[in-house]
>>> print(open('protein.cif').read())   # mmCIF, C-alpha atoms and all ligand atoms
data_data
loop_
_atom_site.label_atom_id
_atom_site.label_comp_id
_atom_site.auth_asym_id
_atom_site.auth_seq_id
_atom_site.Cartn_x
_atom_site.Cartn_y
_atom_site.Cartn_z
CA MET A 942 35.82 -15.58 36.51
CA ALA A 943 33.70 -12.42 36.30
CA PRO A 944 32.79 -11.39 32.77
CA THR A 945 34.89 -8.54 31.47
CA ALA A 946 33.68 -5.65 29.33
CA GLN A 947 33.72 -6.33 25.61
CA ARG A 948 36.44 -4.68 23.64
CA PRO A 949 35.07 -2.46 20.84
CA SER A 950 36.41 -4.79 18.15
CA GLN A 951 34.55 -7.75 19.69
CA ALA A 952 31.34 -5.75 19.98
CA THR A 953 31.64 -4.56 16.37
CA GLY A 954 32.31 -8.11 15.22
CA ARG A 955 29.21 -9.38 17.00
CA ALA A 956 27.10 -6.57 15.56
CA GLN A 957 28.32 -7.45 12.07
CA GLN A 958 27.57 -11.11 12.70
CA ALA A 959 24.05 -10.29 13.91
CA SER A 960 23.44 -8.11 10.87
CA LEU A 961 24.74 -10.82 8.52
CA ARG A 962 22.47 -13.33 10.23
CA ALA A 963 19.48 -11.00 9.74
CA VAL A 964 20.32 -10.63 6.04
CA ASN A 965 20.61 -14.42 5.63
CA ARG A 966 17.34 -14.96 7.51
CA SER A 967 15.58 -12.46 5.25
CA LEU A 968 16.96 -14.20 2.14
CA VAL A 969 15.62 -17.59 3.25
CA LEU A 970 12.35 -16.15 4.54
CA ASP A 971 11.75 -14.24 1.32
CA LEU A 972 12.29 -17.35 -0.82
CA LEU A 973 9.88 -19.31 1.38
CA ARG A 974 7.37 -16.46 1.37
CA ARG A 975 7.35 -16.30 -2.45
CA GLY A 976 7.36 -19.99 -3.26
CA GLY A 977 5.72 -23.29 -2.36
CA PRO A 978 7.17 -26.19 -0.33
CA THR A 979 10.90 -26.54 -0.84
CA SER A 980 13.85 -28.45 0.63
CA ARG A 981 16.74 -27.17 2.72
CA PRO A 982 19.32 -28.16 0.03
CA SER A 983 17.29 -26.26 -2.58
CA LEU A 984 17.20 -23.17 -0.33
CA ALA A 985 20.96 -23.46 0.13
CA GLU A 986 21.45 -23.65 -3.62
CA GLN A 987 19.18 -20.67 -4.32
CA THR A 988 20.69 -18.43 -1.63
CA GLY A 989 24.31 -19.50 -2.00
CA LEU A 990 24.45 -20.17 1.77
CA THR A 991 25.87 -23.36 3.26
CA LEU A 992 23.46 -26.17 4.13
CA PRO A 993 24.20 -25.94 7.91
CA THR A 994 23.48 -22.18 7.85
CA VAL A 995 20.20 -22.72 5.98
CA ALA A 996 19.23 -25.58 8.31
CA ALA A 997 19.83 -23.38 11.38
CA ILE A 998 17.76 -20.53 9.90
CA VAL A 999 14.93 -22.90 8.94
CA ASP A 1000 14.91 -24.32 12.50
CA GLU A 1001 14.66 -20.79 13.84
CA LEU A 1002 11.80 -19.92 11.44
CA ILE A 1003 9.95 -23.10 12.44
CA ALA A 1004 10.43 -22.24 16.13
CA ASP A 1005 9.06 -18.74 15.42
CA GLY A 1006 6.04 -20.23 13.66
CA LEU A 1007 6.93 -18.64 10.33
CA ALA A 1008 7.65 -21.96 8.60
CA VAL A 1009 6.32 -25.51 8.90
CA ASP A 1010 8.05 -28.81 8.24
CA ARG A 1011 5.99 -30.81 5.70
CA GLY A 1012 8.06 -34.00 6.06
CA ALA A 1013 9.62 -35.97 3.23
CA PRO A 1014 7.64 -36.72 0.05
CA LEU A 1015 7.08 -40.37 -0.84
CA ALA A 1016 10.16 -42.14 -2.18
CA SER A 1017 10.59 -42.14 -5.93
CA ALA A 1018 10.14 -45.28 -8.03
CA ARG A 1019 13.89 -45.76 -7.91
CA GLY A 1020 13.69 -45.66 -4.13
CA GLY A 1021 15.97 -42.67 -3.50
CA ARG A 1022 15.57 -40.83 -0.21
CA ARG A 1023 14.02 -37.42 -0.69
CA PRO A 1024 14.82 -34.40 1.49
CA ARG A 1025 12.19 -33.08 3.89
CA LEU A 1026 10.20 -30.12 2.66
CA VAL A 1027 9.62 -26.87 4.46
CA GLU A 1028 6.94 -24.31 3.67
CA PHE A 1029 6.08 -20.75 4.66
CA ASN A 1030 3.32 -20.73 7.26
CA THR A 1031 0.88 -18.12 5.97
CA ARG A 1032 -1.49 -18.59 8.93
CA SER A 1033 1.21 -18.12 11.55
CA ARG A 1034 0.72 -14.41 11.94
CA TRP A 1035 -2.06 -11.88 11.41
CA VAL A 1036 -1.93 -8.20 10.71
CA LEU A 1037 -4.64 -5.57 10.37
CA GLY A 1038 -4.89 -3.02 7.60
CA VAL A 1039 -7.09 0.05 7.83
CA SER A 1040 -8.13 2.47 5.12
CA ILE A 1041 -9.95 5.54 6.40
CA GLY A 1042 -11.77 7.08 3.46
CA VAL A 1043 -13.98 10.12 3.24
CA HIS A 1044 -17.07 7.96 2.68
CA ARG A 1045 -16.00 4.53 3.89
CA ILE A 1046 -13.77 2.84 6.43
CA THR A 1047 -12.24 -0.47 5.37
CA VAL A 1048 -10.56 -2.81 7.84
CA ALA A 1049 -8.89 -5.99 6.60
CA VAL A 1050 -7.02 -8.87 8.14
CA GLY A 1051 -3.94 -10.14 6.34
CA ASP A 1052 -1.89 -13.30 6.67
CA ALA A 1053 1.83 -13.70 7.28
CA ARG A 1054 2.52 -12.71 3.66
CA GLY A 1055 0.55 -9.53 4.22
CA GLU A 1056 -2.10 -10.77 1.79
CA LEU A 1057 -5.69 -9.78 2.34
CA VAL A 1058 -7.76 -12.62 3.84
CA ALA A 1059 -10.99 -10.83 4.78
CA ARG A 1060 -12.28 -7.26 4.85
CA LEU A 1061 -15.13 -5.29 6.38
CA ASP A 1062 -16.52 -1.97 5.19
CA GLU A 1063 -18.53 0.57 7.16
CA PRO A 1064 -19.62 4.12 6.35
CA THR A 1065 -17.29 6.78 7.76
CA PRO A 1066 -19.04 8.62 10.62
CA SER A 1067 -20.17 12.09 9.61
CA PRO A 1068 -18.58 14.25 10.88
CA ALA A 1069 -15.51 11.98 11.00
CA LEU A 1070 -14.58 12.69 14.63
CA PRO A 1071 -11.25 10.89 15.26
CA GLU A 1072 -12.48 9.22 18.50
CA GLN A 1073 -15.52 7.81 16.69
CA VAL A 1074 -13.43 6.63 13.74
CA VAL A 1075 -10.98 4.89 16.10
CA ALA A 1076 -13.80 3.22 18.07
CA LYS A 1077 -15.32 1.96 14.82
CA VAL A 1078 -12.00 0.68 13.46
CA ALA A 1079 -11.23 -1.08 16.77
CA ALA A 1080 -14.65 -2.81 16.77
CA MET A 1081 -14.21 -3.92 13.13
CA GLY A 1082 -10.69 -5.16 13.87
CA ARG A 1083 -11.82 -7.18 16.88
CA LEU A 1084 -14.55 -8.79 14.78
CA LEU A 1085 -12.07 -9.82 12.08
CA LEU A 1086 -9.67 -11.25 14.67
CA ARG A 1087 -12.33 -13.09 16.72
CA GLU A 1088 -11.48 -16.52 15.36
CA ARG A 1089 -7.88 -15.79 14.47
CA GLY A 1090 -6.21 -14.60 17.65
CA HIS A 1091 -4.23 -11.44 17.90
CA ALA A 1092 -2.61 -9.21 15.26
CA ASP A 1093 1.06 -8.29 15.35
CA ALA A 1094 0.61 -4.78 14.00
CA VAL A 1095 -1.80 -2.46 12.27
CA GLY A 1096 -1.10 -0.48 9.10
CA VAL A 1097 -3.25 2.56 8.46
CA CYS A 1098 -3.75 4.76 5.43
CA VAL A 1099 -5.51 8.11 5.44
CA PRO A 1100 -6.35 10.57 2.66
CA GLY A 1101 -4.13 13.37 3.89
CA LEU A 1102 -0.70 14.54 5.01
CA VAL A 1103 0.99 11.98 7.26
CA GLU A 1104 4.14 12.92 9.14
CA ARG A 1105 6.88 10.34 8.75
CA GLY A 1106 7.85 8.60 11.98
CA SER A 1107 5.21 10.10 14.30
CA GLY A 1108 2.09 8.60 12.69
CA ILE A 1109 0.42 11.99 13.03
CA CYS A 1110 -2.03 13.02 10.34
CA LEU A 1111 -1.12 16.68 9.98
CA ALA A 1112 -4.13 17.47 7.82
CA ALA A 1113 -6.88 15.52 6.06
CA ARG A 1114 -9.23 18.33 5.17
CA ASN A 1115 -11.69 16.06 3.33
CA LEU A 1116 -12.17 14.33 6.73
CA GLY A 1117 -12.06 17.62 8.64
CA TRP A 1118 -8.87 16.48 10.41
CA ASP A 1119 -6.22 18.82 11.68
CA VAL A 1120 -3.20 17.35 13.52
CA VAL A 1121 -4.69 14.00 14.58
CA PRO A 1122 -2.29 11.46 16.23
CA ILE A 1123 -4.14 8.63 14.49
CA GLY A 1124 -1.24 6.16 14.79
CA HIS A 1125 -1.01 6.59 18.56
CA MET A 1126 -4.80 6.45 18.97
CA LEU A 1127 -5.18 3.23 16.99
CA SER A 1128 -2.15 1.67 18.65
CA GLN A 1129 -3.74 2.35 22.08
CA ALA A 1130 -7.15 1.08 21.01
CA LEU A 1131 -5.87 -2.15 19.43
CA GLY A 1132 -2.87 -2.76 21.68
CA VAL A 1133 -0.44 -3.23 18.77
CA PRO A 1134 2.14 -1.04 16.99
CA ALA A 1135 0.61 1.15 14.28
CA LEU A 1136 2.23 2.50 11.14
CA VAL A 1137 0.50 5.24 9.17
CA LEU A 1138 0.90 6.18 5.52
CA ASN A 1139 -0.83 8.51 3.13
CA ALA A 1140 -3.34 6.49 1.03
CA PRO A 1141 -1.73 6.82 -2.44
CA GLN A 1142 1.68 5.96 -0.91
CA ALA A 1143 0.16 2.78 0.57
CA ALA A 1144 -1.51 1.97 -2.76
CA ALA A 1145 1.79 2.34 -4.62
CA VAL A 1146 3.45 -0.13 -2.20
CA ALA A 1147 0.62 -2.65 -2.72
CA GLU A 1148 0.55 -2.28 -6.50
CA ARG A 1149 4.30 -2.89 -6.66
CA ILE A 1150 4.20 -6.02 -4.51
CA GLN A 1151 0.85 -7.57 -5.49
CA GLY A 1152 -0.61 -5.71 -8.45
CA VAL A 1153 0.08 -4.49 -11.95
CA SER A 1154 3.52 -3.05 -10.98
CA GLN A 1155 5.21 -6.27 -9.79
CA GLY A 1156 8.87 -6.06 -10.77
CA VAL A 1157 8.59 -2.38 -11.74
CA GLU A 1158 11.32 -0.26 -10.13
CA ASP A 1159 10.08 3.21 -11.07
CA LEU A 1160 6.41 4.05 -11.01
CA VAL A 1161 3.95 6.78 -10.19
CA TRP A 1162 0.60 5.66 -8.74
CA ILE A 1163 -1.98 8.39 -9.29
CA TYR A 1164 -5.16 8.40 -7.22
CA VAL A 1165 -8.18 10.16 -8.68
CA GLY A 1166 -11.24 9.73 -6.49
CA THR A 1167 -12.78 12.16 -4.02
CA GLY A 1168 -9.40 13.92 -4.04
CA ILE A 1169 -6.18 13.53 -6.02
CA GLY A 1170 -2.81 12.22 -4.79
CA ALA A 1171 0.20 10.20 -5.88
CA GLY A 1172 2.55 7.55 -4.56
CA ILE A 1173 6.00 7.56 -6.18
CA VAL A 1174 8.34 4.56 -6.23
CA CYS A 1175 11.92 5.28 -7.35
CA GLY A 1176 14.50 2.53 -7.69
CA GLY A 1177 12.10 0.11 -5.98
CA ARG A 1178 11.67 2.30 -2.91
CA LEU A 1179 8.71 4.41 -1.92
CA LEU A 1180 9.58 8.09 -2.04
CA ARG A 1181 8.36 9.56 1.23
CA GLY A 1182 10.22 12.85 1.36
CA SER A 1183 11.90 14.52 4.32
CA ARG A 1184 8.73 14.76 6.39
CA GLY A 1185 6.72 12.03 4.65
CA LEU A 1186 4.72 14.42 2.51
CA ALA A 1187 5.93 13.42 -0.97
CA GLY A 1188 3.32 12.82 -3.66
CA GLU A 1189 0.88 15.66 -2.90
CA PHE A 1190 0.00 15.79 -6.58
CA GLY A 1191 -3.53 17.08 -5.92
CA HIS A 1192 -2.21 20.37 -4.62
CA VAL A 1193 -0.10 21.23 -7.63
CA PRO A 1194 -1.47 24.62 -8.79
CA VAL A 1195 -3.00 24.44 -12.27
CA THR A 1196 -4.79 27.79 -12.50
CA SER A 1197 -4.11 31.11 -10.83
CA ASP A 1198 -7.70 31.98 -9.95
CA GLY A 1199 -9.47 28.63 -9.77
CA PRO A 1200 -12.06 27.41 -7.28
CA PRO A 1201 -11.16 27.03 -3.58
CA CYS A 1202 -9.42 23.78 -2.63
CA SER A 1203 -9.75 21.65 0.51
CA CYS A 1204 -6.22 22.81 1.46
CA GLY A 1205 -7.37 26.41 1.75
CA ARG A 1206 -5.72 27.70 -1.43
CA HIS A 1207 -7.18 28.27 -4.88
CA GLY A 1208 -6.57 26.64 -8.24
CA CYS A 1209 -5.13 23.28 -7.11
CA LEU A 1210 -5.49 20.27 -9.44
CA GLU A 1211 -7.78 18.59 -6.89
CA ALA A 1212 -10.15 21.58 -6.90
CA VAL A 1213 -10.67 21.41 -10.67
CA ALA A 1214 -10.32 17.76 -11.73
CA SER A 1215 -11.00 15.36 -8.81
CA GLY A 1216 -14.09 13.20 -8.43
CA GLY A 1217 -15.42 15.86 -6.06
CA ALA A 1218 -14.94 18.58 -8.70
CA ILE A 1219 -16.57 16.39 -11.40
CA VAL A 1220 -19.61 15.78 -9.17
CA ARG A 1221 -19.92 19.51 -8.40
CA ALA A 1222 -19.83 20.33 -12.12
CA ALA A 1223 -22.43 17.65 -12.91
CA LYS A 1224 -24.77 18.91 -10.19
CA ALA A 1225 -24.29 22.51 -11.35
CA ALA A 1226 -25.42 21.35 -14.82
CA GLY A 1227 -28.54 19.81 -13.24
CA ALA A 1228 -27.55 16.17 -13.97
CA ARG A 1229 -29.16 13.37 -11.96
CA TYR A 1230 -27.37 10.06 -11.71
CA GLY A 1231 -27.39 6.84 -9.70
CA ALA A 1232 -30.07 4.24 -8.99
CA GLY A 1233 -32.74 6.80 -8.05
CA GLN A 1234 -31.66 9.35 -10.70
CA SER A 1235 -31.45 11.74 -7.75
CA ASN A 1236 -29.30 14.71 -6.87
CA GLU A 1237 -27.46 12.59 -4.26
CA TYR A 1238 -24.56 10.87 -6.02
CA GLY A 1239 -20.79 10.62 -6.10
CA ALA A 1240 -18.03 10.08 -8.63
CA PRO A 1241 -18.73 6.32 -9.09
CA GLU A 1242 -22.27 7.16 -10.32
CA VAL A 1243 -20.87 9.66 -12.84
CA VAL A 1244 -18.40 7.02 -14.09
CA ALA A 1245 -21.25 4.50 -14.41
CA ALA A 1246 -23.41 7.03 -16.29
CA ALA A 1247 -20.58 7.68 -18.77
CA ALA A 1248 -20.17 3.93 -19.32
CA ALA A 1249 -23.92 3.73 -20.01
CA GLY A 1250 -23.62 6.41 -22.71
CA ASP A 1251 -24.42 9.67 -20.89
CA ALA A 1252 -22.76 12.42 -22.94
CA LEU A 1253 -22.41 15.00 -20.14
CA ALA A 1254 -20.79 12.49 -17.76
CA ALA A 1255 -18.37 11.41 -20.50
CA GLU A 1256 -17.47 15.01 -21.33
CA LEU A 1257 -16.84 15.93 -17.68
CA LEU A 1258 -14.63 12.85 -17.18
CA SER A 1259 -12.75 13.41 -20.41
CA HIS A 1260 -12.05 17.05 -19.50
CA ALA A 1261 -10.87 16.05 -15.99
CA GLY A 1262 -8.63 13.40 -17.56
CA GLU A 1263 -7.03 16.04 -19.79
CA VAL A 1264 -6.40 18.41 -16.85
CA VAL A 1265 -4.88 15.64 -14.70
CA GLY A 1266 -2.89 14.43 -17.71
CA ARG A 1267 -1.41 17.88 -18.35
CA ALA A 1268 -0.32 18.09 -14.70
CA ALA A 1269 1.05 14.54 -14.94
CA VAL A 1270 3.36 15.62 -17.78
CA GLY A 1271 5.41 17.26 -15.00
CA LEU A 1272 5.57 14.01 -13.04
CA LEU A 1273 6.47 12.05 -16.18
CA HIS A 1274 9.34 14.39 -17.01
CA LEU A 1275 10.64 14.56 -13.43
CA VAL A 1276 10.44 10.86 -12.54
CA ASN A 1277 10.73 9.08 -15.92
CA PRO A 1278 8.69 6.16 -14.59
CA GLN A 1279 8.29 2.78 -16.25
CA GLN A 1280 4.59 2.91 -15.36
CA MET A 1281 1.97 5.47 -14.47
CA VAL A 1282 -0.81 3.63 -12.67
CA LEU A 1283 -4.25 5.24 -12.46
CA GLY A 1284 -6.36 4.34 -9.43
CA GLY A 1285 -9.34 5.58 -7.44
CA ALA A 1286 -13.01 5.52 -8.45
CA VAL A 1287 -12.37 7.88 -11.40
CA GLY A 1288 -8.90 6.75 -12.46
CA GLU A 1289 -9.21 2.96 -12.29
CA VAL A 1290 -11.74 2.62 -15.13
CA GLU A 1291 -10.69 2.67 -18.80
CA GLY A 1292 -12.97 5.18 -20.53
CA PRO A 1293 -13.35 8.93 -21.07
CA PHE A 1294 -11.09 9.88 -18.15
CA THR A 1295 -8.16 7.65 -19.16
CA ASN A 1296 -8.61 8.66 -22.82
CA GLY A 1297 -8.40 12.35 -21.86
CA PHE A 1298 -5.37 11.61 -19.66
CA ARG A 1299 -3.53 9.79 -22.46
CA ALA A 1300 -4.40 12.49 -25.00
CA ALA A 1301 -2.94 15.24 -22.77
CA LEU A 1302 0.29 13.28 -22.29
CA ALA A 1303 0.52 12.52 -26.00
CA GLY A 1304 0.08 16.23 -26.75
CA GLN A 1305 2.59 17.63 -24.27
CA ALA A 1306 5.10 15.05 -23.10
CA ILE A 1307 8.57 14.64 -24.57
CA PRO A 1308 8.11 11.65 -26.92
CA PHE A 1309 11.17 9.79 -25.57
CA SER A 1310 9.83 10.14 -22.01
CA LEU A 1311 6.33 9.08 -23.00
CA ALA A 1312 7.59 6.11 -25.00
CA SER A 1313 9.29 4.65 -21.93
CA THR A 1314 6.17 4.87 -19.77
CA ALA A 1315 3.18 2.54 -19.82
CA ILE A 1316 -0.09 4.08 -18.66
CA VAL A 1317 -2.19 1.42 -16.95
CA CYS A 1318 -5.13 1.15 -14.58
CA SER A 1319 -4.71 -0.25 -11.07
CA GLN A 1320 -5.13 -4.01 -10.82
CA LEU A 1321 -5.91 -3.90 -7.09
CA GLY A 1322 -8.65 -1.28 -7.54
CA ASP A 1323 -10.66 -0.80 -4.40
CA ASN A 1324 -8.26 -2.99 -2.38
CA ALA A 1325 -5.12 -0.96 -3.17
CA GLY A 1326 -5.02 1.29 -0.09
CA VAL A 1327 -5.95 -1.34 2.48
CA SER A 1328 -3.60 -3.89 0.86
CA GLY A 1329 -0.76 -1.40 1.19
CA ALA A 1330 -1.70 -0.88 4.85
CA LEU A 1331 -1.53 -4.68 5.40
CA LEU A 1332 1.91 -4.92 3.75
CA VAL A 1333 3.25 -2.06 5.83
CA ALA A 1334 1.92 -3.72 9.00
CA ARG A 1335 3.50 -7.01 7.92
CA GLN A 1336 6.81 -5.30 7.39
CA GLN A 1337 6.55 -3.63 10.78
CA SER A 1338 6.03 -6.93 12.59
CA GLU A 1339 8.72 -8.95 10.78
CA PRO A 1340 11.71 -6.62 10.63
CA SER A 1341 13.76 -8.95 8.45
CA LEU A 1342 11.17 -8.45 5.68
CA GLN A 1343 12.18 -4.79 5.57
CA LEU A 1344 15.40 -5.83 3.91
CA VAL A 1345 13.56 -7.31 0.96
CA MET A 1346 10.41 -5.17 0.75
CA GLY A 1347 12.11 -1.92 1.57
CA GLY A 1348 11.10 1.64 1.48
CA SER A 1349 7.91 2.13 3.41
CA SER A 1350 9.06 2.79 6.96
ZN ZN A 1401 -5.08 22.31 -2.59
#
>>> encode(input="protein.cif", output="structure tokens", more="lines below")
Ligand SMILES: [Zn+2]
Amino acid sequence: MAPTAQRPSQATGRAQQASLRAVNRSLVLDLLRRGGPTSRPSLAEQTGLTLPTVAAIVDELIADGLAVDRGAPLASARGGRRPRLVEFNTRSRWVLGVSIGVHRITVAVGDARGELVARLDEPTPSPALPEQVVAKVAAMGRLLLRERGHADAVGVCVPGLVERGSGICLAARNLGWDVVPIGHMLSQALGVPALVLNAPQAAAVAERIQGVSQGVEDLVWIYVGTGIGAGIVCGGRLLRGSRGLAGEFGHVPVTSDGPPCSCGRHGCLEAVASGGAIVRAAKAAGARYGAGQSNEYGAPEVVAAAAAGDALAAELLSHAGEVVGRAAVGLLHLVNPQQMVLGGAVGEVEGPFTNGFRAALAGQAIPFSLASTAIVCSQLGDNAGVSGALLVARQQSEPSLQLVMGGSS
């Protein structure tokens, strides 16, 4: 008999069944991903699913290469039969993560958990022509994958405005970029799907899953390096905004007639308190920092000088910390986060900057709001952006993980 068209109720029923199956698969996969070797009965107990359902899902995960059967452990002294163990296969899949910085490009390879396995760093071409950046990233990616096979996806973070869905970098003025389809370009060059995020958004995702913010539902991750930006997580989900542009903290106006900003306006926070602004102020004061005590240095050298006791460097950092802290009072009051995480070359180091930041909050924040917020430095540091890019790529290539990681698509 020829097959007949499905009635709507049948089709709906099947769709519901498929969705339920995806949820169950994600539950089992997430438990395996987080833990060590475990048995099918234990997975059934932890998920509340029946043993046959768990067994079918585990078979499917093994067939997909996401899990491996480790066999049964040796019998106990009393001779009881022990159930076979199954374990998440971290080496079953690879993903690439890319962080395109103003001074440096980082490309990393991550395992099936999205955890960083190896990374390469190269100077960003100057000027940072998109074609040259893409060629460099592709070469670095191929090198990392040489002995590992292919990657399922690539996650990319850039220091600029990234349009949600299209992977287009609308503007990254510190790179000189204006409407660059970086997602499409990297996808073509590497032959895999690409997902692009703004760098502080990626860092916030990574910090929540692997860093100091594990288990934290509401947090603001503040980047203070060459520029300034923020990644906001509300209720465990990354806040992206209608077009993906949420978290542009650096372009909050803080003075009416301040210095020009990379965005073309005047008086933005980034123009007066970023690493770039600190370096400009230090150079204007005639300071020489770094290994050669030369006039060629960046924010990390100013931070190092302050740690070594240089009074001017400490004063500049402390002042910048106060300015960023005053602006962050707004974020604190609007979001009421459990944590404010400071990252980037300037923000991630406890010292004059963080002291100035805390002092400004203590002076101007509503005490009840401040008391519910811990101010901490990033645990992932230099790896935060690229780790976020890896996690986003991982989520892209294993859709069922989206149900448990959430929020970054
Ligand atoms: Zn601006």
>>> residues_near_ligand(input="protein.cif", ligand="ligand ZN 1401 (chain A)", cutoff="12 Å", atoms="only C-alpha atoms and all ligand atoms", output="PDB file with C-alpha atoms, keeping the file's coordinate frame")
ATOM      1  CA  GLY A1101      -4.130  13.370   3.890  1.00  0.00           C
ATOM      2  CA  LEU A1102      -0.700  14.540   5.010  1.00  0.00           C
ATOM      3  CA  ALA A1112      -4.130  17.470   7.820  1.00  0.00           C
ATOM      4  CA  ALA A1113      -6.880  15.520   6.060  1.00  0.00           C
ATOM      5  CA  ARG A1114      -9.230  18.330   5.170  1.00  0.00           C
ATOM      6  CA  ASN A1115     -11.690  16.060   3.330  1.00  0.00           C
ATOM      7  CA  GLY A1168      -9.400  13.920  -4.040  1.00  0.00           C
ATOM      8  CA  ILE A1169      -6.180  13.530  -6.020  1.00  0.00           C
ATOM      9  CA  GLY A1170      -2.810  12.220  -4.790  1.00  0.00           C
ATOM     10  CA  GLU A1189       0.880  15.660  -2.900  1.00  0.00           C
ATOM     11  CA  PHE A1190       0.000  15.790  -6.580  1.00  0.00           C
ATOM     12  CA  GLY A1191      -3.530  17.080  -5.920  1.00  0.00           C
ATOM     13  CA  HIS A1192      -2.210  20.370  -4.620  1.00  0.00           C
ATOM     14  CA  VAL A1193      -0.100  21.230  -7.630  1.00  0.00           C
ATOM     15  CA  PRO A1194      -1.470  24.620  -8.790  1.00  0.00           C
ATOM     16  CA  VAL A1195      -3.000  24.440 -12.270  1.00  0.00           C
ATOM     17  CA  THR A1196      -4.790  27.790 -12.500  1.00  0.00           C
ATOM     18  CA  GLY A1199      -9.470  28.630  -9.770  1.00  0.00           C
ATOM     19  CA  PRO A1200     -12.060  27.410  -7.280  1.00  0.00           C
ATOM     20  CA  PRO A1201     -11.160  27.030  -3.580  1.00  0.00           C
ATOM     21  CA  CYS A1202      -9.420  23.780  -2.630  1.00  0.00           C
ATOM     22  CA  SER A1203      -9.750  21.650   0.510  1.00  0.00           C
ATOM     23  CA  CYS A1204      -6.220  22.810   1.460  1.00  0.00           C
ATOM     24  CA  GLY A1205      -7.370  26.410   1.750  1.00  0.00           C
ATOM     25  CA  ARG A1206      -5.720  27.700  -1.430  1.00  0.00           C
ATOM     26  CA  HIS A1207      -7.180  28.270  -4.880  1.00  0.00           C
ATOM     27  CA  GLY A1208      -6.570  26.640  -8.240  1.00  0.00           C
ATOM     28  CA  CYS A1209      -5.130  23.280  -7.110  1.00  0.00           C
ATOM     29  CA  LEU A1210      -5.490  20.270  -9.440  1.00  0.00           C
ATOM     30  CA  GLU A1211      -7.780  18.590  -6.890  1.00  0.00           C
ATOM     31  CA  ALA A1212     -10.150  21.580  -6.900  1.00  0.00           C
ATOM     32  CA  VAL A1213     -10.670  21.410 -10.670  1.00  0.00           C
ATOM     33  CA  ALA A1214     -10.320  17.760 -11.730  1.00  0.00           C
ATOM     34  CA  SER A1215     -11.000  15.360  -8.810  1.00  0.00           C
TER      35      SER A1215
END
>>> closest_atom_pairs(input="protein.cif", of="stretch 1013-1038 of chain A", to="stretch 1055-1061 of chain A", cutoff="10 Å", atoms="all atoms listed in the file", output="tab-separated table")
residue	atom	partner	partner_atom	distance
A:Thr1031	CA	A:Gly1055	CA	8.8
A:Arg1034	CA	A:Gly1055	CA	9.1
A:Trp1035	CA	A:Gly1055	CA	8.0
A:Val1036	CA	A:Gly1055	CA	7.1
A:Leu1037	CA	A:Gly1055	CA	9.0
A:Gly1038	CA	A:Leu1057	CA	8.6
>>> residues_around(input="protein.cif", residues="A:Arg1054", least_positions_apart="2", cutoff="8 Å", atoms="only C-alpha atoms", output="list in words")
Arg974, Thr1031, Gly1051, Asp1052, Glu1056, Leu1332 and Arg1335 of chain A
>>> residues_around(input="protein.cif", residues="A:Thr979", least_positions_apart="3", cutoff="10 Å", atoms="all atoms listed in the file", output="list in words")
Leu972, Leu973, Gly976, Pro982, Ser983, Leu984, Asp1010, Arg1011, Pro1024, Arg1025, Leu1026, Val1027, Glu1028 and Phe1029 of chain A
>>> residues_around(input="protein.cif", residues="stretch 1094-1099 of chain A", least_positions_apart="4", cutoff="10 Å", atoms="all atoms listed in the file", output="PyMOL selection string")
chain A and resi 1034-1043+1046-1051+1082+1103+1108+1110+1112-1113+1116+1123-1124+1127-1128+1131-1144+1326-1339
>>> residues_around(input="protein.cif", residues="A:Cys1175", least_positions_apart="2", cutoff="7 Å", atoms="only C-alpha atoms", output="PyMOL selection string")
chain A and resi 1158-1160+1173+1177-1180
>>> axis_aligned_box(input="protein.cif", around="stretch 969-975 of chain A", padding_each_side="4 Å", output="AutoDock Vina command-line options")
--center_x 11.5 --center_y -16.8 --center_z 1.0 --size_x 16.3 --size_y 13.1 --size_z 15.0
>>> closest_residue(input="protein.cif", among="A:Ser1067, A:Thr953, A:Ser1319, A:Gln1073", to="A:Glu1148", atoms="all atoms listed in the file")
A:Ser1319
>>> closest_residue(input="protein.cif", among="A:Gly1231, A:Gly1271, A:Gly1012, A:Gly1106", to="A:Ala1247", atoms="all atoms listed in the file")
A:Gly1231
>>> atom_distance(input="protein.cif", atom1="atom CA of A:Val1270", atom2="atom CA of A:Gly1188")
14.4 Å
>>> closest_residue(input="protein.cif", among="A:Cys1318, A:Val1075, A:Ala1171, A:Leu1111", to="A:Ala1130", atoms="only C-alpha atoms")
A:Val1075
>>> atom_distance(input="protein.cif", atom1="atom CA of A:Gln1129", atom2="atom CA of A:Val1078")
12.1 Å
>>> residues_around(input="protein.cif", residues="A:Gly1156", least_positions_apart="4", cutoff="12 Å", atoms="all atoms listed in the file", output="CSV table (one decimal) with C-alpha atoms, in the coordinates of the input")
chain,number,residue,atom,x,y,z
A,1146,VAL,CA,3.4,-0.1,-2.2
A,1148,GLU,CA,0.6,-2.3,-6.5
A,1149,ARG,CA,4.3,-2.9,-6.7
A,1150,ILE,CA,4.2,-6.0,-4.5
A,1151,GLN,CA,0.8,-7.6,-5.5
A,1152,GLY,CA,-0.6,-5.7,-8.4
A,1160,LEU,CA,6.4,4.0,-11.0
A,1174,VAL,CA,8.3,4.6,-6.2
A,1176,GLY,CA,14.5,2.5,-7.7
A,1177,GLY,CA,12.1,0.1,-6.0
A,1178,ARG,CA,11.7,2.3,-2.9
A,1279,GLN,CA,8.3,2.8,-16.2
A,1280,GLN,CA,4.6,2.9,-15.4
A,1346,MET,CA,10.4,-5.2,0.8
>>> atom_distance(input="protein.cif", atom1="atom CA of A:Ala1249", atom2="atom CA of A:Asn1324")
24.5 Å
>>> closest_residue(input="protein.cif", among="A:Pro1278, A:Pro1071, A:Gly1233, A:Gly1284", to="A:Val1157", atoms="all atoms listed in the file")
A:Pro1278
